[in-house]
$ cat start_6.txt   # compact mmCIF, C-alpha atoms
# COMPACT_ATOMS: atom_id res chain seq x y z
CA MET A 1 18.77 -13.92 -12.80
CA PRO A 2 20.68 -16.76 -11.17
CA ILE A 3 20.97 -15.02 -7.81
CA ASN A 4 17.25 -14.39 -7.63
CA ARG A 5 16.49 -17.92 -8.57
CA ALA A 6 18.81 -19.25 -5.90
CA TYR A 7 17.16 -16.97 -3.37
CA ARG A 8 13.73 -18.12 -4.41
CA LEU A 9 14.71 -21.77 -4.24
CA GLY A 10 16.16 -21.16 -0.79
CA ASN A 11 12.92 -19.57 0.28
CA SER A 12 10.79 -22.36 -1.11
CA ALA A 13 12.98 -24.89 0.64
CA ILE A 14 12.51 -23.10 3.95
CA ILE A 15 8.77 -22.80 3.45
CA ALA A 16 8.59 -26.47 2.45
CA CYS A 17 10.47 -27.41 5.63
CA LEU A 18 8.14 -25.34 7.77
CA LEU A 19 5.08 -26.86 6.16
CA LEU A 20 6.50 -30.32 6.67
CA THR A 21 7.28 -29.62 10.31
CA SER A 22 3.88 -28.16 11.06
CA HIS A 23 2.21 -31.02 9.27
CA LEU A 24 4.07 -33.56 11.39
CA ALA A 25 3.25 -31.66 14.56
CA TYR A 26 -0.35 -31.62 13.44
CA ALA A 27 -0.45 -35.37 12.92
CA VAL A 28 1.02 -36.38 16.27
CA MET A 29 -0.95 -33.90 18.38
CA PRO A 30 -2.97 -36.12 20.80
CA ASP A 31 -6.06 -33.93 20.99
CA GLY A 32 -7.07 -30.29 21.22
CA MET A 33 -8.25 -27.67 18.82
CA GLU A 34 -5.56 -28.11 16.19
CA MET A 35 -6.62 -31.67 15.53
CA PRO A 36 -7.95 -32.13 12.01
CA PRO A 37 -11.40 -33.72 11.68
CA LEU A 38 -11.38 -37.49 11.83
CA ALA A 39 -12.21 -39.44 8.72
CA PRO A 40 -14.37 -42.58 9.06
CA GLY A 41 -12.34 -45.17 10.92
CA GLY A 42 -10.73 -42.67 13.28
CA VAL A 43 -7.79 -41.85 11.01
CA PRO A 44 -7.00 -38.13 10.63
CA ALA A 45 -8.00 -36.96 7.17
CA ALA A 46 -4.97 -36.07 5.04
CA ALA A 47 -4.43 -32.41 5.96
CA SER A 48 -8.21 -31.96 6.15
CA SER A 49 -9.63 -32.53 2.71
CA ASN A 50 -11.97 -29.54 2.78
CA GLN A 51 -9.75 -26.92 4.39
CA VAL A 52 -7.67 -24.20 2.75
CA GLU A 53 -5.27 -22.39 5.02
CA ILE A 54 -4.36 -18.79 4.22
CA GLY A 55 -0.87 -17.89 5.40
CA ASN A 56 2.28 -16.19 4.16
CA PHE A 57 0.13 -14.42 1.55
CA SER A 58 -0.80 -17.70 -0.13
CA PHE A 59 -3.51 -20.37 -0.21
CA SER A 60 -2.52 -23.84 0.95
CA PRO A 61 -3.08 -26.17 -0.69
CA VAL A 62 -3.06 -24.07 -3.85
CA ASN A 63 -5.06 -26.77 -5.63
CA LEU A 64 -7.65 -28.67 -3.63
CA THR A 65 -9.71 -31.55 -5.02
CA VAL A 66 -13.07 -32.33 -3.40
CA VAL A 67 -16.23 -34.20 -4.35
CA ALA A 68 -19.37 -32.32 -5.31
CA GLY A 69 -21.39 -31.23 -2.28
CA THR A 70 -18.28 -30.56 -0.16
CA LYS A 71 -18.21 -27.46 1.97
CA VAL A 72 -14.74 -25.92 1.64
CA THR A 73 -13.52 -23.64 4.44
CA TRP A 74 -10.76 -21.05 4.14
CA THR A 75 -9.13 -19.74 7.32
CA ASN A 76 -6.89 -16.68 7.41
CA HIS A 77 -3.79 -17.07 9.61
CA ASP A 78 -2.04 -13.92 8.36
CA ASP A 79 -2.03 -10.66 10.31
CA ILE A 80 -3.38 -8.88 7.24
CA PRO A 81 -6.92 -9.29 5.86
CA HIS A 82 -7.52 -11.41 2.78
CA THR A 83 -10.55 -12.36 0.72
CA VAL A 84 -11.62 -15.42 -1.27
CA VAL A 85 -13.20 -14.37 -4.57
CA SER A 86 -14.06 -16.60 -7.53
CA ASP A 87 -12.60 -15.68 -10.93
CA ASP A 88 -15.97 -16.32 -12.58
CA ASP A 89 -18.04 -13.51 -13.97
CA PRO A 90 -20.50 -13.21 -12.33
CA ARG A 91 -18.70 -14.28 -9.16
CA LEU A 92 -19.74 -17.71 -7.94
CA PHE A 93 -18.52 -16.86 -4.44
CA LYS A 94 -17.06 -13.83 -2.72
CA SER A 95 -16.08 -13.74 0.94
CA PRO A 96 -16.24 -10.67 3.12
CA PRO A 97 -12.82 -9.39 4.23
CA LEU A 98 -11.31 -12.07 6.47
CA ASP A 99 -9.29 -10.64 9.31
CA THR A 100 -6.88 -12.80 11.30
CA ASP A 101 -8.50 -16.15 12.28
CA ASP A 102 -11.68 -15.40 10.33
CA ALA A 103 -13.01 -18.23 8.20
CA TYR A 104 -15.26 -18.42 5.16
CA SER A 105 -17.03 -21.47 3.69
CA PHE A 106 -18.60 -22.25 0.37
CA THR A 107 -20.28 -25.47 -0.75
CA PHE A 108 -19.38 -26.65 -4.24
CA GLN A 109 -22.38 -28.42 -5.76
CA LYS A 110 -21.29 -29.01 -9.35
CA PRO A 111 -18.18 -30.72 -10.71
CA GLY A 112 -15.72 -28.38 -12.37
CA THR A 113 -12.56 -26.33 -11.91
CA TYR A 114 -13.05 -23.20 -9.84
CA ARG A 115 -10.27 -20.63 -9.76
CA TYR A 116 -10.24 -17.95 -7.13
CA PHE A 117 -8.01 -15.15 -5.80
CA CYS A 118 -7.65 -12.66 -2.97
CA SER A 119 -9.15 -9.35 -4.10
CA VAL A 120 -6.87 -7.46 -1.70
CA HIS A 121 -3.71 -9.19 -2.95
CA PRO A 122 -4.57 -10.45 -6.43
CA LYS A 123 -1.23 -12.26 -6.73
CA MET A 124 -2.72 -14.80 -4.29
CA VAL A 125 -4.54 -17.41 -6.38
CA GLY A 126 -5.90 -20.91 -5.85
CA THR A 127 -8.08 -23.58 -7.48
CA ILE A 128 -10.77 -25.93 -6.21
CA ILE A 129 -11.30 -28.98 -8.41
CA VAL A 130 -14.71 -30.53 -7.84
CA LYS A 131 -15.21 -34.15 -8.92
CA ALA A 132 -18.47 -36.04 -9.34
CA PRO A 133 -19.27 -38.06 -6.20
CA MET B 134 16.39 23.94 -14.50
CA ASN B 135 13.97 21.36 -13.33
CA GLU B 136 14.75 20.39 -9.82
CA SER B 137 12.95 18.48 -7.17
CA VAL B 138 14.29 17.43 -3.85
CA THR B 139 13.64 14.50 -1.62
CA PHE B 140 15.29 13.79 1.62
CA ASP B 141 14.71 11.09 4.10
CA ALA B 142 15.75 12.72 7.30
CA PRO B 143 14.64 13.92 10.70
CA ARG B 144 13.75 17.54 10.43
CA SER B 145 12.55 18.90 13.75
CA SER B 146 13.63 22.43 14.56
CA ASP B 147 16.04 21.14 17.24
CA GLU B 148 17.79 18.90 14.85
CA ARG B 149 18.12 21.53 12.19
CA GLN B 150 20.21 23.56 14.63
CA GLY B 151 22.89 20.89 14.46
CA THR B 152 23.39 17.24 15.15
CA ASN B 153 23.40 16.38 18.82
CA ARG B 154 24.26 12.94 20.11
CA ARG B 155 20.67 11.90 20.59
CA GLY B 156 19.76 13.10 17.14
CA PHE B 157 22.69 11.24 15.69
CA LEU B 158 21.64 8.02 17.39
CA LYS B 159 18.12 8.43 16.10
CA CYS B 160 19.47 9.00 12.61
CA GLY B 161 21.43 5.79 12.87
CA LEU B 162 18.24 3.80 13.28
CA TRP B 163 17.50 4.06 9.65
CA ALA B 164 19.83 3.67 6.70
CA GLY B 165 18.27 6.42 4.61
CA THR B 166 18.56 9.07 7.27
CA GLY B 167 20.57 12.19 6.68
CA VAL B 168 20.76 11.84 2.94
CA VAL B 169 19.30 14.64 0.86
CA TRP B 170 18.43 13.60 -2.65
CA MET B 171 18.33 16.29 -5.29
CA MET B 172 16.98 15.57 -8.70
CA SER B 173 18.48 17.95 -11.15
CA GLY B 174 17.70 17.67 -14.82
CA GLY B 175 16.70 14.08 -14.23
CA ILE B 176 19.94 13.23 -12.44
CA LEU B 177 19.78 12.09 -8.87
CA ARG B 178 22.42 13.44 -6.50
CA SER B 179 22.72 13.77 -2.76
CA VAL B 180 23.41 17.10 -1.08
CA SER B 181 23.68 18.35 2.48
CA LEU B 182 20.57 18.64 4.57
CA ASP B 183 21.25 22.22 5.67
CA LEU B 184 21.71 23.43 2.14
CA VAL B 185 18.36 22.13 1.02
CA ASP B 186 16.61 23.36 4.10
CA THR B 187 17.72 26.94 3.58
CA ALA B 188 16.96 26.93 -0.08
CA MET B 189 13.54 25.51 0.49
CA ALA B 190 12.59 27.90 3.23
CA ASP B 191 13.53 30.79 0.96
CA ALA B 192 12.02 29.53 -2.24
CA ALA B 193 8.84 27.69 -1.32
CA SER B 194 5.73 29.59 -2.24
CA PHE B 195 3.23 26.81 -1.83
CA SER B 196 3.25 23.44 -0.16
CA PHE B 197 1.01 20.51 0.60
CA VAL B 198 1.36 17.38 2.70
CA GLN B 199 0.83 13.82 1.62
CA ILE B 200 -0.39 11.32 4.20
CA SER B 201 -0.87 7.67 3.41
CA ASP B 202 -1.79 4.21 4.62
CA SER B 203 -3.18 5.20 8.00
CA HIS B 204 -4.79 1.70 8.26
CA ILE B 205 -7.06 2.74 11.12
CA GLY B 206 -8.35 -0.51 12.65
CA PHE B 207 -5.09 -2.45 12.31
CA ASN B 208 -4.31 -3.72 15.82
CA LYS B 209 -1.30 -6.00 15.68
CA ALA B 210 2.50 -5.90 15.83
CA PRO B 211 4.37 -3.70 15.26
CA ASN B 212 1.71 -1.06 15.89
CA PRO B 213 -1.45 -1.95 17.84
CA ASP B 214 -2.58 1.69 17.81
CA PRO B 215 -2.26 3.26 14.35
CA ALA B 216 -4.79 5.97 15.31
CA SER B 217 -2.24 7.32 17.73
CA THR B 218 0.67 7.31 15.24
CA PHE B 219 -1.65 8.90 12.67
CA GLN B 220 -2.48 11.64 15.14
CA GLN B 221 1.22 12.17 15.88
CA ALA B 222 1.97 12.40 12.17
CA LEU B 223 -0.65 15.08 11.72
CA GLN B 224 0.52 16.98 14.78
CA ARG B 225 3.90 17.29 13.08
CA ILE B 226 2.28 19.39 10.41
CA LYS B 227 1.77 22.16 12.95
CA SER B 228 5.53 22.39 13.44
CA LEU B 229 6.34 22.70 9.74
CA PRO B 230 8.12 25.99 8.89
CA ALA B 231 5.25 26.96 6.56
CA GLN B 232 1.70 25.69 6.86
CA PRO B 233 0.65 23.54 3.90
CA ALA B 234 -2.26 24.60 1.73
CA PHE B 235 -3.97 21.23 2.04
CA MET B 236 -3.40 17.49 2.45
CA ILE B 237 -3.78 14.52 0.19
CA HIS B 238 -4.39 11.04 1.56
CA THR B 239 -3.17 8.38 -0.83
CA GLY B 240 -5.33 5.57 0.46
CA ASP B 241 -5.76 2.76 2.94
CA VAL B 242 -7.39 5.26 5.25
CA SER B 243 -8.91 2.26 7.04
CA HIS B 244 -7.81 -1.33 7.50
CA LEU B 245 -11.14 -3.08 6.91
CA SER B 246 -13.42 -0.43 5.35
CA LYS B 247 -15.47 -0.25 8.54
CA PRO B 248 -17.56 2.85 9.32
CA ASP B 249 -15.98 3.34 12.76
CA GLN B 250 -12.50 3.19 11.17
CA PHE B 251 -13.46 5.86 8.65
CA ASP B 252 -14.98 7.89 11.51
CA THR B 253 -11.76 7.79 13.54
CA ALA B 254 -9.63 8.77 10.57
CA GLU B 255 -11.95 11.59 9.60
CA GLN B 256 -11.98 12.93 13.14
CA ILE B 257 -8.18 12.97 13.39
CA ILE B 258 -7.88 14.64 9.99
CA LYS B 259 -10.47 17.28 10.93
CA GLU B 260 -8.31 18.33 13.87
CA THR B 261 -5.70 19.68 11.43
CA GLY B 262 -8.25 22.09 9.95
CA LEU B 263 -6.76 21.34 6.52
CA GLU B 264 -8.78 20.53 3.46
CA THR B 265 -7.99 16.94 2.48
CA HIS B 266 -8.23 15.18 -0.88
CA TYR B 267 -8.52 11.40 -0.88
CA VAL B 268 -8.04 8.39 -3.09
CA PRO B 269 -8.95 4.91 -1.84
CA GLY B 270 -6.60 2.02 -1.14
CA GLU B 271 -7.66 -1.59 -1.56
CA HIS B 272 -8.38 -1.75 2.19
CA ASP B 273 -10.98 1.03 1.79
CA ILE B 274 -13.16 -0.68 -0.79
CA LEU B 275 -13.60 -4.11 0.82
CA ILE B 276 -17.30 -3.54 1.44
CA ASP B 277 -19.99 -2.81 -1.13
CA ASP B 278 -17.47 -2.01 -3.92
CA GLY B 279 -16.19 0.93 -1.93
CA ARG B 280 -19.47 2.82 -1.65
CA PRO B 281 -18.95 3.73 2.04
CA PHE B 282 -15.56 5.24 1.15
CA PHE B 283 -16.68 7.11 -1.95
CA GLU B 284 -19.78 8.54 -0.29
CA ARG B 285 -17.73 9.90 2.55
CA PHE B 286 -14.44 10.96 0.99
CA SER B 287 -14.74 11.25 -2.74
CA LYS B 288 -15.33 14.44 -4.69
CA SER B 289 -16.93 12.70 -7.66
CA SER B 290 -19.22 9.76 -8.21
CA ASP B 291 -16.50 7.97 -10.18
CA GLY B 292 -13.88 8.37 -7.46
CA TRP B 293 -11.36 10.10 -9.75
CA TYR B 294 -11.19 13.88 -10.09
CA SER B 295 -8.86 16.79 -10.68
CA PHE B 296 -8.42 20.29 -9.29
CA ASP B 297 -6.08 23.26 -9.62
CA GLN B 298 -4.24 24.95 -6.83
CA GLY B 299 -1.20 27.22 -6.73
CA GLY B 300 -0.72 26.89 -10.47
CA VAL B 301 -0.47 23.10 -10.20
CA HIS B 302 -2.96 20.71 -11.75
CA PHE B 303 -3.74 17.85 -9.35
CA ILE B 304 -5.18 14.56 -10.59
CA ALA B 305 -6.60 11.92 -8.23
CA LEU B 306 -6.74 8.46 -9.77
CA VAL B 307 -8.32 5.26 -8.43
CA ASN B 308 -6.37 2.07 -9.16
CA VAL B 309 -7.74 -0.34 -6.57
CA LEU B 310 -10.98 -1.35 -8.31
CA GLY B 311 -11.36 -4.12 -10.85
CA PHE B 312 -8.44 -6.23 -9.67
CA LYS B 313 -8.09 -9.36 -11.74
CA SER B 314 -6.89 -12.72 -10.50
CA GLY B 315 -3.09 -12.75 -10.54
CA GLY B 316 -3.06 -9.09 -11.48
CA PHE B 317 -2.05 -5.64 -10.37
CA GLY B 318 -3.48 -2.22 -9.66
CA HIS B 319 -5.82 -1.17 -12.44
CA LEU B 320 -7.12 2.13 -13.80
CA GLY B 321 -9.56 0.90 -16.45
CA GLU B 322 -10.60 2.29 -19.80
CA GLU B 323 -13.23 4.69 -18.52
CA GLN B 324 -10.81 6.40 -16.16
CA LEU B 325 -8.04 6.49 -18.76
CA ALA B 326 -10.40 8.18 -21.24
CA TRP B 327 -11.31 10.73 -18.58
CA LEU B 328 -7.61 11.34 -17.85
CA GLN B 329 -6.86 11.91 -21.52
CA SER B 330 -9.61 14.49 -21.87
CA ASP B 331 -8.76 16.14 -18.54
CA LEU B 332 -5.18 16.66 -19.72
CA LYS B 333 -6.15 17.95 -23.14
CA ALA B 334 -7.29 21.21 -21.63
CA ARG B 335 -3.89 21.89 -19.97
CA SER B 336 -0.81 23.51 -21.42
CA ALA B 337 2.38 21.45 -21.41
CA SER B 338 3.99 23.91 -19.02
CA THR B 339 1.43 23.26 -16.27
CA PRO B 340 3.04 21.31 -13.42
CA ILE B 341 1.06 18.11 -12.90
CA VAL B 342 0.74 16.14 -9.69
CA VAL B 343 -0.90 12.72 -10.02
CA PHE B 344 -1.80 10.91 -6.84
CA THR B 345 -3.10 7.38 -6.51
CA HIS B 346 -2.72 4.47 -4.11
CA ILE B 347 -0.71 1.76 -5.89
CA PRO B 348 2.52 2.80 -7.64
CA LEU B 349 2.19 3.72 -11.33
CA TRP B 350 5.52 2.05 -11.98
CA MET B 351 6.34 -1.62 -11.49
CA VAL B 352 8.04 -1.57 -8.10
CA TYR B 353 7.87 -5.36 -7.63
CA ASP B 354 5.71 -7.57 -9.77
CA LYS B 355 5.81 -10.65 -7.53
CA TRP B 356 4.02 -8.72 -4.80
CA GLY B 357 1.72 -6.98 -7.25
CA TRP B 358 3.30 -3.59 -6.53
CA GLY B 359 2.42 -1.93 -9.81
CA THR B 360 -0.50 -0.91 -12.03
CA ASP B 361 -1.16 -2.97 -15.17
CA ASP B 362 -2.39 -0.13 -17.40
CA ALA B 363 -0.16 2.62 -15.99
CA ALA B 364 1.81 2.89 -19.26
CA GLN B 365 -1.33 4.20 -20.98
CA ALA B 366 -1.74 6.89 -18.33
CA MET B 367 1.93 7.84 -18.53
CA SER B 368 1.68 8.22 -22.31
CA TYR B 369 -0.94 10.95 -21.81
CA LEU B 370 1.40 12.70 -19.35
CA LYS B 371 4.40 12.65 -21.68
CA PRO B 372 3.92 16.11 -23.22
CA PHE B 373 4.10 17.78 -19.82
CA GLY B 374 7.30 19.38 -18.59
CA SER B 375 6.84 18.54 -14.93
CA VAL B 376 4.96 15.51 -13.68
CA THR B 377 5.09 14.27 -10.11
CA VAL B 378 3.43 10.97 -9.26
CA LEU B 379 2.72 10.35 -5.58
CA ASN B 380 1.43 7.11 -4.13
CA GLY B 381 1.31 4.95 -1.04
CA HIS B 382 0.59 1.22 -0.74
CA ILE B 383 4.12 -0.08 -0.14
CA HIS B 384 4.71 1.70 3.22
CA GLN B 385 8.23 2.84 2.40
CA VAL B 386 9.91 5.70 0.59
CA MET B 387 11.14 5.14 -2.96
CA GLN B 388 11.80 7.44 -5.87
CA LYS B 389 12.30 7.03 -9.57
CA ILE B 390 12.78 9.48 -12.43
CA GLU B 391 11.72 8.85 -15.99
CA GLY B 392 12.26 11.82 -18.29
CA THR B 393 10.14 14.66 -16.92
CA VAL B 394 8.25 12.34 -14.58
CA SER B 395 9.27 11.70 -11.00
CA PHE B 396 7.63 8.90 -9.03
CA HIS B 397 7.55 8.85 -5.24
CA THR B 398 6.12 6.35 -2.80
CA ALA B 399 5.28 7.46 0.74
CA TYR B 400 5.62 6.22 4.27
CA SER B 401 2.67 4.74 6.05
CA THR B 402 1.59 6.29 9.33
CA ALA B 403 0.71 2.80 10.64
CA TYR B 404 3.36 0.13 9.96
CA PRO B 405 6.34 -0.43 7.66
CA GLN B 406 6.50 -3.07 4.95
CA PRO B 407 9.66 -4.87 3.79
CA ALA B 408 11.73 -3.82 0.82
CA PRO B 409 10.75 -5.70 -2.35
CA GLY B 410 11.78 -9.35 -2.13
CA SER B 411 13.52 -8.91 1.23
CA ALA B 412 10.93 -11.02 3.09
CA PRO B 413 8.79 -14.06 2.22
CA ASN B 414 5.73 -11.80 1.92
CA PRO B 415 4.82 -8.11 2.05
CA GLY B 416 3.18 -8.31 5.51
CA PRO B 417 3.95 -5.78 8.26
CA MET B 418 7.56 -5.60 9.42
CA LYS B 419 7.74 -6.59 13.09
CA VAL B 420 10.12 -3.84 14.14
CA ASP B 421 10.52 -2.88 17.78
CA ALA B 422 8.86 0.23 19.20
CA GLY B 423 12.11 2.22 19.14
CA ARG B 424 12.56 1.72 15.44
CA LEU B 425 8.92 1.97 14.41
CA LYS B 426 8.69 5.72 14.25
CA SER B 427 11.73 5.98 12.03
CA LEU B 428 9.75 3.98 9.47
CA LEU B 429 6.50 5.94 9.59
CA GLY B 430 5.97 9.50 8.49
CA ILE B 431 4.50 12.19 6.35
CA ARG B 432 5.48 13.95 3.15
CA ASN B 433 5.62 17.68 2.65
CA VAL B 434 5.71 18.95 -0.92
CA ASN B 435 6.83 22.48 -1.75
CA LEU B 436 6.39 24.22 -5.04
CA LEU B 437 9.60 26.18 -5.54
CA SER B 438 8.29 28.19 -8.46
CA SER B 439 5.72 27.57 -11.11
CA THR B 440 8.36 26.56 -13.66
CA GLN B 441 10.05 24.01 -11.44
CA PRO B 442 8.89 20.66 -10.19
CA LEU B 443 8.20 20.11 -6.57
CA ALA B 444 10.49 19.77 -3.63
CA ILE B 445 9.52 16.77 -1.58
CA ILE B 446 10.45 16.08 2.02
CA ASP B 447 9.68 12.78 3.69
CA THR B 448 9.67 13.13 7.46
CA PRO B 449 9.78 10.11 9.74
CA LEU B 450 7.67 10.32 12.91
CA SER B 451 10.79 9.92 15.05
CA ALA B 452 12.16 13.24 13.82

$ encode --input "start_6.txt" --output "structure tokens"
Amino acid sequence: MPINRAYRLGNSAIIACLLLTSHLAYAVMPDGMEMPPLAPGGVPAAASSNQVEIGNFSFSPVNLTVVAGTKVTWTNHDDIPHTVVSDDDPRLFKSPPLDTDDAYSFTFQKPGTYRYFCSVHPKMVGTIIVKAP
Amino acid sequence: MNESVTFDAPRSSDERQGTNRRGFLKCGLWAGTGVVWMMSGGILRSVSLDLVDTAMADAASFSFVQISDSHIGFNKAPNPDPASTFQQALQRIKSLPAQPAFMIHTGDVSHLSKPDQFDTAEQIIKETGLETHYVPGEHDILIDDGRPFFERFSKSSDGWYSFDQGGVHFIALVNVLGFKSGGFGHLGEEQLAWLQSDLKARSASTPIVVFTHIPLWMVYDKWGWGTDDAAQAMSYLKPFGSVTVLNGHIHQVMQKIEGTVSFHTAYSTAYPQPAPGSAPNPGPMKVDAGRLKSLLGIRNVNLLSSTQPLAIIDTPLSA
């Protein structure tokens, strides 16, 4: 439906703007807890290469690429609990319920594509792509 | 004539005497207030509150209350104390014109499946002295595949069960286990097979009430507000002349009629959620304290007679 699509596009545009704004704020913050970890050379890593933020009932970034051996950390910023559960059967990883500000980490040892979802809100999905070092 | 009634309106004894100014202002807080919906032969029409009230008081021979989404343990805006609103909801039962035979809780008893959250909920429910039948919500099975919930609240090892009361056959279904990535509520083959055999023993004239957490109709697919294999369950219910499907999960009142089946979603006693697609996500609506209680509530269901479907009254806590 055209109206729905327009609405959706409008929404995405707003969300995109918000993400952009917060990202900029992030980058210029002089110090403090919001500062992303520093990459070698003192330059802030691009949006923290091993972090997935949970907010607005979605994983961000939806697709994250890391090298094998990386510990990926998900942090829930929503006011509703979420989980991080691998699609694989048996599950490769499964977080406990993450309440607001709770975090969960998992270290990806082998290259591959790992899809996961929130078992409370299964419409929330994401992928970790693990490359050989 | 098959007739069931739903109205979304304050219903305290004061307000039934007539609309005073305060009552009118309270009504105005919520768009659905004051409208009485009558479903007659599958056609939805609105009628006056007083008319339905009188008819129901005269005709009801049996009633039960549905409570839902108490989310004990939630502690944020717009309701940092859902135990207190839950308690208030249950206290309202005492003021109902006729005491219900029992309660059903359609899930999300707790917010994080924690033992102390289940304890609090159980304690508040016990104070009513009413027998209560439960189904889990997805917030109740976050730990150990739901074992703490099922051990405490469930009447069968599977989680699903049925019982008969007042000439009505009640069926409790579990649709919060076995979620798949990107998916919806799910009943699963084992439960569907059980449902089919459970229904085989009933005559088509038996009124059926199905209760489960997530809607058995696709309320809004983008937010996962539906059950992927519900169509299979509904096909088994088709031969029956009166089927009422009650659920929670979406924290707002909605109805739908399909042939002889009426679907109803219930209020939460903890916090409201936005109408489908009206917000970027289905998280709690940050309404102010004055408006909150117009968006929380309980449901009272009256059996008018054994040949008619059920009259359903949704009562906001502000009433």

$ residues_around --input "start_6.txt" --residues "Trp74 of chain A" --least-positions-apart "5" --cutoff "9 Å" --atoms "only C-alpha atoms" --output "list in words"
Asn50, Gln51, Val52, Glu53, Ile54, Phe59, Val84, Asp102, Ala103, Tyr104, Ser105 and Phe106 of chain A

$ residues_near_point --input "start_6.txt" --point "(-14.8, -14.3, 3.7)" --cutoff "12 Å" --atoms "all atoms listed in the file" --output "PyMOL selection string"
(chain A and resi 54+72-76+81-86+93-106+117-120) or (chain B and resi 275-276)

$ residues_around --input "start_6.txt" --residues "Phe57 of chain A" --least-positions-apart "6" --cutoff "10 Å" --atoms "only C-alpha atoms" --output "list in words"
Asn76, His77, Asp78, Asp79, Ile80, Pro81, His82, Cys118, His121, Lys123, Met124 and Val125 of chain A; Trp356, Pro413, Asn414, Pro415 and Gly416 of chain B

$ atom_distance --input "start_6.txt" --atom1 "atom CA of Phe396 of chain B" --atom2 "atom CA of Asn56 of chain A"
28.8 Å

$ atom_distance --input "start_6.txt" --atom1 "atom CA of Pro61 of chain A" --atom2 "atom CA of His382 of chain B"
27.6 Å

$ atom_distance --input "start_6.txt" --atom1 "atom CA of Asp361 of chain B" --atom2 "atom CA of Ser395 of chain B"
18.5 Å

$ interface_residues --input "start_6.txt" --of "chain B" --to "chain A" --cutoff "9 Å" --atoms "only C-alpha atoms" --output "PDB file with C-alpha atoms, keeping the file's coordinate frame"
ATOM      1  CA  PHE B 207      -5.090  -2.450  12.310  1.00  0.00           C
ATOM      2  CA  LYS B 209      -1.300  -6.000  15.680  1.00  0.00           C
ATOM      3  CA  ALA B 210       2.500  -5.900  15.830  1.00  0.00           C
ATOM      4  CA  HIS B 244      -7.810  -1.330   7.500  1.00  0.00           C
ATOM      5  CA  LEU B 245     -11.140  -3.080   6.910  1.00  0.00           C
ATOM      6  CA  GLU B 271      -7.660  -1.590  -1.560  1.00  0.00           C
ATOM      7  CA  HIS B 272      -8.380  -1.750   2.190  1.00  0.00           C
ATOM      8  CA  LEU B 275     -13.600  -4.110   0.820  1.00  0.00           C
ATOM      9  CA  ILE B 276     -17.300  -3.540   1.440  1.00  0.00           C
ATOM     10  CA  VAL B 309      -7.740  -0.340  -6.570  1.00  0.00           C
ATOM     11  CA  GLY B 311     -11.360  -4.120 -10.850  1.00  0.00           C
ATOM     12  CA  PHE B 312      -8.440  -6.230  -9.670  1.00  0.00           C
ATOM     13  CA  LYS B 313      -8.090  -9.360 -11.740  1.00  0.00           C
ATOM     14  CA  SER B 314      -6.890 -12.720 -10.500  1.00  0.00           C
ATOM     15  CA  GLY B 315      -3.090 -12.750 -10.540  1.00  0.00           C
ATOM     16  CA  GLY B 316      -3.060  -9.090 -11.480  1.00  0.00           C
ATOM     17  CA  PHE B 317      -2.050  -5.640 -10.370  1.00  0.00           C
ATOM     18  CA  GLY B 318      -3.480  -2.220  -9.660  1.00  0.00           C
ATOM     19  CA  ASP B 354       5.710  -7.570  -9.770  1.00  0.00           C
ATOM     20  CA  LYS B 355       5.810 -10.650  -7.530  1.00  0.00           C
ATOM     21  CA  TRP B 356       4.020  -8.720  -4.800  1.00  0.00           C
ATOM     22  CA  GLY B 357       1.720  -6.980  -7.250  1.00  0.00           C
ATOM     23  CA  PRO B 413       8.790 -14.060   2.220  1.00  0.00           C
ATOM     24  CA  ASN B 414       5.730 -11.800   1.920  1.00  0.00           C
ATOM     25  CA  PRO B 415       4.820  -8.110   2.050  1.00  0.00           C
ATOM     26  CA  GLY B 416       3.180  -8.310   5.510  1.00  0.00           C
ATOM     27  CA  PRO B 417       3.950  -5.780   8.260  1.00  0.00           C
TER      28      PRO B 417
END

$ residues_around --input "start_6.txt" --residues "Thr239 of chain B" --least-positions-apart "5" --cutoff "8 Å" --atoms "all atoms listed in the file" --output "number ranges by chain"
B: 199-202, 267-270, 344-346, 379-381

$ closest_residue --input "start_6.txt" --among "B:Pro215, B:Pro248, B:Pro372, B:Gly240" --to "Ala305 of chain B" --atoms "only C-alpha atoms"
B:Gly240

$ decode --input "start_6.txt" --residues "segment 377-382 of chain B" --atoms "N, CA and C atoms" --output "PDB file, in the first residue's frame"
ATOM      1  N   THR B 377     -15.077 -18.768  21.255  1.00  0.00           N
ATOM      2  CA  THR B 377     -14.549 -17.485  21.718  1.00  0.00           C
ATOM      3  C   THR B 377     -13.065 -17.664  21.990  1.00  0.00           C
ATOM      4  N   VAL B 378     -12.248 -16.846  21.370  1.00  0.00           N
ATOM      5  CA  VAL B 378     -10.798 -16.946  21.528  1.00  0.00           C
ATOM      6  C   VAL B 378     -10.314 -15.726  22.306  1.00  0.00           C
ATOM      7  N   LEU B 379      -9.721 -15.978  23.459  1.00  0.00           N
ATOM      8  CA  LEU B 379      -9.258 -14.884  24.323  1.00  0.00           C
ATOM      9  C   LEU B 379      -7.738 -14.912  24.415  1.00  0.00           C
ATOM     10  N   ASN B 380      -7.118 -13.762  24.254  1.00  0.00           N
ATOM     11  CA  ASN B 380      -5.672 -13.730  24.445  1.00  0.00           C
ATOM     12  C   ASN B 380      -5.222 -12.392  24.999  1.00  0.00           C
ATOM     13  N   GLY B 381      -3.926 -12.317  25.282  1.00  0.00           N
ATOM     14  CA  GLY B 381      -3.321 -11.092  25.790  1.00  0.00           C
ATOM     15  C   GLY B 381      -2.259 -10.639  24.817  1.00  0.00           C
ATOM     16  N   HIS B 382      -1.062 -10.385  25.323  1.00  0.00           N
ATOM     17  CA  HIS B 382       0.146 -10.112  24.551  1.00  0.00           C
ATOM     18  C   HIS B 382       0.243  -8.692  24.004  1.00  0.00           C
TER      19      HIS B 382
END
